[in-house]
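J.: Quick one, target.pdb (PDB, C-alpha atoms, pLDDT in the B column):
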```pdb
ATOM      1  CA  MET A  18    -106.711  42.646 -50.778  1.00 48.00           C
ATOM      2  CA  SER A  19    -106.824  45.892 -48.883  1.00 51.00           C
ATOM      3  CA  ASP A  20    -103.973  48.403 -48.795  1.00 58.00           C
ATOM      4  CA  HIS A  21    -104.904  49.210 -45.230  1.00 60.00           C
ATOM      5  CA  HIS A  22    -103.429  47.129 -42.469  1.00 60.00           C
ATOM      6  CA  GLU A  23    -105.997  47.382 -39.695  1.00 65.00           C
ATOM      7  CA  ASP A  24    -105.392  43.779 -38.721  1.00 67.00           C
ATOM      8  CA  LEU A  25    -101.717  44.460 -37.855  1.00 61.00           C
ATOM      9  CA  PRO A  26    -100.511  45.530 -34.405  1.00 64.00           C
ATOM     10  CA  PRO A  27     -99.933  49.289 -33.972  1.00 65.00           C
ATOM     11  CA  PHE A  28     -96.138  48.905 -33.807  1.00 63.00           C
ATOM     12  CA  CYS A  29     -95.934  46.966 -37.059  1.00 67.00           C
ATOM     13  CA  HIS A  30     -94.882  48.777 -40.217  1.00 70.00           C
ATOM     14  CA  PRO A  31     -94.995  46.881 -43.475  1.00 77.00           C
ATOM     15  CA  VAL A  32     -92.052  47.510 -45.784  1.00 81.00           C
ATOM     16  CA  SER A  33     -92.412  47.447 -49.535  1.00 86.00           C
ATOM     17  CA  THR A  34     -90.796  44.646 -51.465  1.00 89.00           C
ATOM     18  CA  LYS A  35     -89.225  47.226 -53.771  1.00 93.00           C
ATOM     19  CA  LEU A  36     -87.344  48.796 -50.841  1.00 90.00           C
ATOM     20  CA  LEU A  37     -86.171  45.436 -49.491  1.00 89.00           C
ATOM     21  CA  PHE A  38     -84.904  44.317 -52.890  1.00 93.00           C
ATOM     22  CA  GLY A  39     -83.194  47.693 -53.341  1.00 94.00           C
ATOM     23  CA  VAL A  40     -81.369  47.267 -50.038  1.00 93.00           C
ATOM     24  CA  PHE A  41     -80.513  43.667 -50.927  1.00 94.00           C
ATOM     25  CA  PHE A  42     -78.976  44.648 -54.262  1.00 96.00           C
ATOM     26  CA  GLY A  43     -77.177  47.520 -52.550  1.00 95.00           C
ATOM     27  CA  LEU A  44     -75.619  45.003 -50.169  1.00 95.00           C
ATOM     28  CA  ILE A  45     -74.636  42.775 -53.085  1.00 96.00           C
ATOM     29  CA  GLY A  46     -73.031  45.766 -54.828  1.00 96.00           C
ATOM     30  CA  LEU A  47     -71.099  46.755 -51.712  1.00 95.00           C
ATOM     31  CA  THR A  48     -69.924  43.161 -51.272  1.00 93.00           C
ATOM     32  CA  ILE A  49     -68.641  43.124 -54.858  1.00 92.00           C
ATOM     33  CA  LEU A  50     -66.906  46.453 -54.165  1.00 90.00           C
ATOM     34  CA  THR A  51     -65.264  44.967 -51.074  1.00 87.00           C
ATOM     35  CA  VAL A  52     -63.981  41.945 -53.006  1.00 85.00           C
ATOM     36  CA  ALA A  53     -62.775  44.157 -55.858  1.00 83.00           C
ATOM     37  CA  THR A  54     -60.964  46.419 -53.414  1.00 82.00           C
ATOM     38  CA  SER A  55     -59.160  43.516 -51.768  1.00 78.00           C
ATOM     39  CA  ALA A  56     -58.390  41.696 -55.021  1.00 76.00           C
ATOM     40  CA  LEU A  57     -57.485  44.680 -57.177  1.00 75.00           C
ATOM     41  CA  GLY A  58     -56.132  46.983 -54.473  1.00 72.00           C
ATOM     42  CA  SER A  59     -52.592  45.646 -54.551  1.00 73.00           C
ATOM     43  CA  ALA A  60     -52.659  45.231 -58.334  1.00 73.00           C
ATOM     44  CA  LEU A  61     -53.594  48.898 -58.744  1.00 73.00           C
ATOM     45  CA  GLY A  62     -50.937  49.985 -56.272  1.00 76.00           C
ATOM     46  CA  MET A  63     -53.271  50.763 -53.364  1.00 76.00           C
ATOM     47  CA  PRO A  64     -51.266  50.818 -50.121  1.00 77.00           C
ATOM     48  CA  PRO A  65     -52.463  48.394 -47.425  1.00 71.00           C
ATOM     49  CA  ALA A  66     -52.783  51.309 -45.004  1.00 73.00           C
ATOM     50  CA  PHE A  67     -55.551  52.660 -47.254  1.00 79.00           C
ATOM     51  CA  ALA A  68     -57.211  49.313 -48.037  1.00 78.00           C
ATOM     52  CA  PHE A  69     -58.130  48.508 -44.423  1.00 77.00           C
ATOM     53  CA  PRO A  70     -59.909  51.814 -43.658  1.00 81.00           C
ATOM     54  CA  LEU A  71     -61.695  51.573 -47.008  1.00 85.00           C
ATOM     55  CA  ALA A  72     -62.882  48.055 -46.138  1.00 83.00           C
ATOM     56  CA  MET A  73     -64.100  49.321 -42.754  1.00 82.00           C
ATOM     57  CA  VAL A  74     -66.047  52.168 -44.393  1.00 88.00           C
ATOM     58  CA  ILE A  75     -67.717  49.728 -46.790  1.00 91.00           C
ATOM     59  CA  ALA A  76     -68.496  47.347 -43.900  1.00 88.00           C
ATOM     60  CA  THR A  77     -70.013  50.236 -41.940  1.00 86.00           C
ATOM     61  CA  MET A  78     -72.239  51.140 -44.885  1.00 91.00           C
ATOM     62  CA  LYS A  79     -73.396  47.528 -45.160  1.00 93.00           C
ATOM     63  CA  ALA A  80     -74.060  47.369 -41.409  1.00 88.00           C
ATOM     64  CA  PHE A  81     -76.106  50.563 -41.654  1.00 87.00           C
ATOM     65  CA  LEU A  82     -78.252  49.123 -44.445  1.00 91.00           C
ATOM     66  CA  VAL A  83     -78.870  45.881 -42.566  1.00 90.00           C
ATOM     67  CA  CYS A  84     -79.682  47.575 -39.266  1.00 85.00           C
ATOM     68  CA  ALA A  85     -81.760  50.379 -40.728  1.00 85.00           C
ATOM     69  CA  PHE A  86     -83.968  48.383 -43.059  1.00 85.00           C
ATOM     70  CA  PHE A  87     -83.787  44.655 -42.267  1.00 83.00           C
ATOM     71  CA  MET A  88     -83.806  45.240 -38.499  1.00 82.00           C
ATOM     72  CA  HIS A  89     -86.361  48.076 -38.947  1.00 79.00           C
ATOM     73  CA  MET A  90     -84.333  50.623 -36.962  1.00 81.00           C
ATOM     74  CA  TRP A  91     -85.202  53.278 -39.535  1.00 81.00           C
ATOM     75  CA  TRP A  92     -88.707  53.342 -38.085  1.00 80.00           C
ATOM     76  CA  ASP A  93     -87.752  52.570 -34.487  1.00 80.00           C
ATOM     77  CA  LYS A  94     -87.503  54.867 -31.489  1.00 81.00           C
ATOM     78  CA  SER A  95     -84.480  57.135 -31.348  1.00 83.00           C
ATOM     79  CA  PHE A  96     -83.253  55.631 -28.052  1.00 87.00           C
ATOM     80  CA  ASN A  97     -82.687  52.250 -29.718  1.00 82.00           C
ATOM     81  CA  VAL A  98     -80.755  53.932 -32.523  1.00 81.00           C
ATOM     82  CA  LEU A  99     -78.674  55.784 -29.916  1.00 87.00           C
ATOM     83  CA  ALA A 100     -77.910  52.515 -28.112  1.00 87.00           C
ATOM     84  CA  PHE A 101     -76.837  50.912 -31.400  1.00 82.00           C
ATOM     85  CA  LEU A 102     -74.630  53.854 -32.391  1.00 83.00           C
ATOM     86  CA  SER A 103     -73.051  53.839 -28.920  1.00 91.00           C
ATOM     87  CA  SER A 104     -72.121  50.198 -29.380  1.00 88.00           C
ATOM     88  CA  LEU A 105     -70.520  51.069 -32.736  1.00 82.00           C
ATOM     89  CA  LEU A 106     -68.530  53.823 -31.036  1.00 90.00           C
ATOM     90  CA  PHE A 107     -67.192  51.433 -28.412  1.00 92.00           C
ATOM     91  CA  VAL A 108     -66.322  48.755 -30.979  1.00 89.00           C
ATOM     92  CA  SER A 109     -64.425  51.326 -33.037  1.00 85.00           C
ATOM     93  CA  LEU A 110     -62.591  52.473 -29.908  1.00 91.00           C
ATOM     94  CA  PHE A 111     -61.604  48.897 -29.060  1.00 90.00           C
ATOM     95  CA  ILE A 112     -60.394  48.198 -32.591  1.00 86.00           C
ATOM     96  CA  GLY A 113     -58.589  51.543 -32.719  1.00 84.00           C
ATOM     97  CA  MET A 114     -56.776  50.913 -29.443  1.00 85.00           C
ATOM     98  CA  THR A 115     -55.771  47.459 -30.643  1.00 83.00           C
ATOM     99  CA  MET A 116     -54.407  48.881 -33.896  1.00 78.00           C
ATOM    100  CA  ILE A 117     -52.407  51.511 -31.984  1.00 79.00           C
ATOM    101  CA  ASP A 118     -50.988  48.809 -29.733  1.00 74.00           C
ATOM    102  CA  THR A 119     -50.085  46.636 -32.722  1.00 68.00           C
ATOM    103  CA  GLY A 120     -48.031  49.475 -34.184  1.00 65.00           C
ATOM    104  CA  GLU A 121     -46.150  49.868 -30.909  1.00 68.00           C
ATOM    105  CA  TYR A 122     -44.931  46.297 -30.406  1.00 67.00           C
ATOM    106  CA  GLN A 123     -44.435  45.239 -34.043  1.00 63.00           C
ATOM    107  CA  PRO A 124     -40.799  46.520 -34.309  1.00 66.00           C
ATOM    108  CA  THR A 125     -39.910  44.524 -31.189  1.00 67.00           C
ATOM    109  CA  ILE A 126     -41.275  41.325 -32.759  1.00 65.00           C
ATOM    110  CA  GLU A 127     -39.378  41.924 -36.005  1.00 64.00           C
ATOM    111  CA  ALA A 128     -36.119  42.593 -34.115  1.00 66.00           C
ATOM    112  CA  PHE A 129     -36.630  39.430 -32.042  1.00 65.00           C
ATOM    113  CA  ASP A 130     -37.170  37.329 -35.186  1.00 62.00           C
ATOM    114  CA  ILE A 131     -34.029  38.702 -36.851  1.00 63.00           C
ATOM    115  CA  ASN A 132     -31.890  38.043 -33.746  1.00 61.00           C
ATOM    116  CA  ASN A 133     -33.211  34.482 -33.373  1.00 63.00           C
ATOM    117  CA  LEU A 134     -32.741  33.675 -37.054  1.00 63.00           C
ATOM    118  CA  ALA A 135     -29.088  34.759 -36.882  1.00 60.00           C
ATOM    119  CA  ASN A 136     -28.445  32.223 -34.095  1.00 62.00           C
ATOM    120  CA  VAL A 137     -30.243  29.262 -35.666  1.00 58.00           C
ATOM    121  CA  GLU A 138     -28.066  26.462 -36.983  1.00 63.00           C
ATOM    122  CA  VAL A 139     -29.306  24.472 -39.936  1.00 58.00           C
ATOM    123  CA  SER A 140     -28.421  20.763 -39.926  1.00 63.00           C
ATOM    124  CA  GLU A 141     -28.157  18.884 -43.162  1.00 59.00           C
TER     125      GLU A 141
END
```
Would you give me this structure, written as structure tokens?
T.:
Amino acid sequence: MSDHHEDLPPFCHPVSTKLLFGVFFGLIGLTILTVATSALGSALGMPPAFAFPLAMVIATMKAFLVCAFFMHMWWDKSFNVLAFLSSLLFVSLFIGMTMIDTGEYQPTIEAFDINNLANVEVSE
């Protein structure tokens, strides 16, 4: 079998099996790290405010690996990469705004729950 790929279209780029398996095992390793962080984070005394950003960083690394190598964006035109990164920016803005909003109304919910629990009668 020839190492040359004259029979392939000009936009096609064959990827080595070694690279694909390397990315696959990298994703498996990052998944194990994510599970270990969530399972052992509280046992090791990791504050929840640190666990969520750490999980998002790991998820971003996994998304990069999938998009770059399995979706072949590593070899794609720069405009497509720019469009993808722009979508990541907007998703992070939406999640960030939601997290800011959650911090603003959470004390009101807790105060409402405490006031309602004080007025609840328990029948036996």
J.: Determine the nearest neighbour of Pro31 of chain A from the options A:Ala72, A:Lys79, A:Phe86, A:Ala60, counting all atoms listed in the file.
T.: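 Ranking A:Ala72, A:Lys79, A:Phe86, A:Ala60 by distance to Pro31 of chain A, first place goes to A:Phe86.
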J.: To test your reading of the syntax: which residues would the PyMOL selection byres ((chain A and resi 55) around 12) return for the file shown? Reply as a ChimeraX atom specification.
T.: /A:48-54,56-65,67-73,75
J.: Just the number, please: distance in Å from atom CA of Ala66 of chain A to atom CA of Val40 of chain A, one decimal.
T.: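 Between these atoms lies a distance of 29.3 Å.
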J.: Of the residues A:Leu110, A:Ala100, A:Ile117, A:Ala85, which is the one nearest to Leu36 of chain A, using all atoms listed in the file?
T.: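 The closest residue to Leu36 of chain A is A:Ala85.
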J.: If you measure from atom CA of Met114 of chain A to atom CA of Met90 of chain A, what distance in Å do you get, rounded to one decimal?
T.: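 Those two atoms sit 28.6 Å apart.
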J.: Rounded to one decimal, what separation in Å do you get between atom CA of Thr77 of chain A and atom CA of Ser95 of chain A?
T.: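 Computing it gives 19.2 Å between the two atoms.
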J.: Compare A:Asp93, A:Ser104, A:Phe87, A:Leu99 by their minimum atom-to-atom distance to Thr34 of chain A, counting all atoms listed in the file, and give me the closest one.
T.: A:Phe87
J.: Could you give me the centre and size, in Å to one decimal, of an axis-aligned box around all listed atoms of segment 31-39 of chain A with 3 Å added on every side, as JSON?
T.:
```
{"center_x": -89.1, "center_y": 46.6, "center_z": -48.6, "size_x": 17.8, "size_y": 10.5, "size_z": 16.3}
```
J.: Just the residues within 12 Å of Phe101 of chain A, please, counting all atoms listed in the file, with nothing from its chain fewer than 2 positions along; format it as a ChimeraX atom specification.
T.: /A:80-81,84-85,88,90-91,93-99,103-108
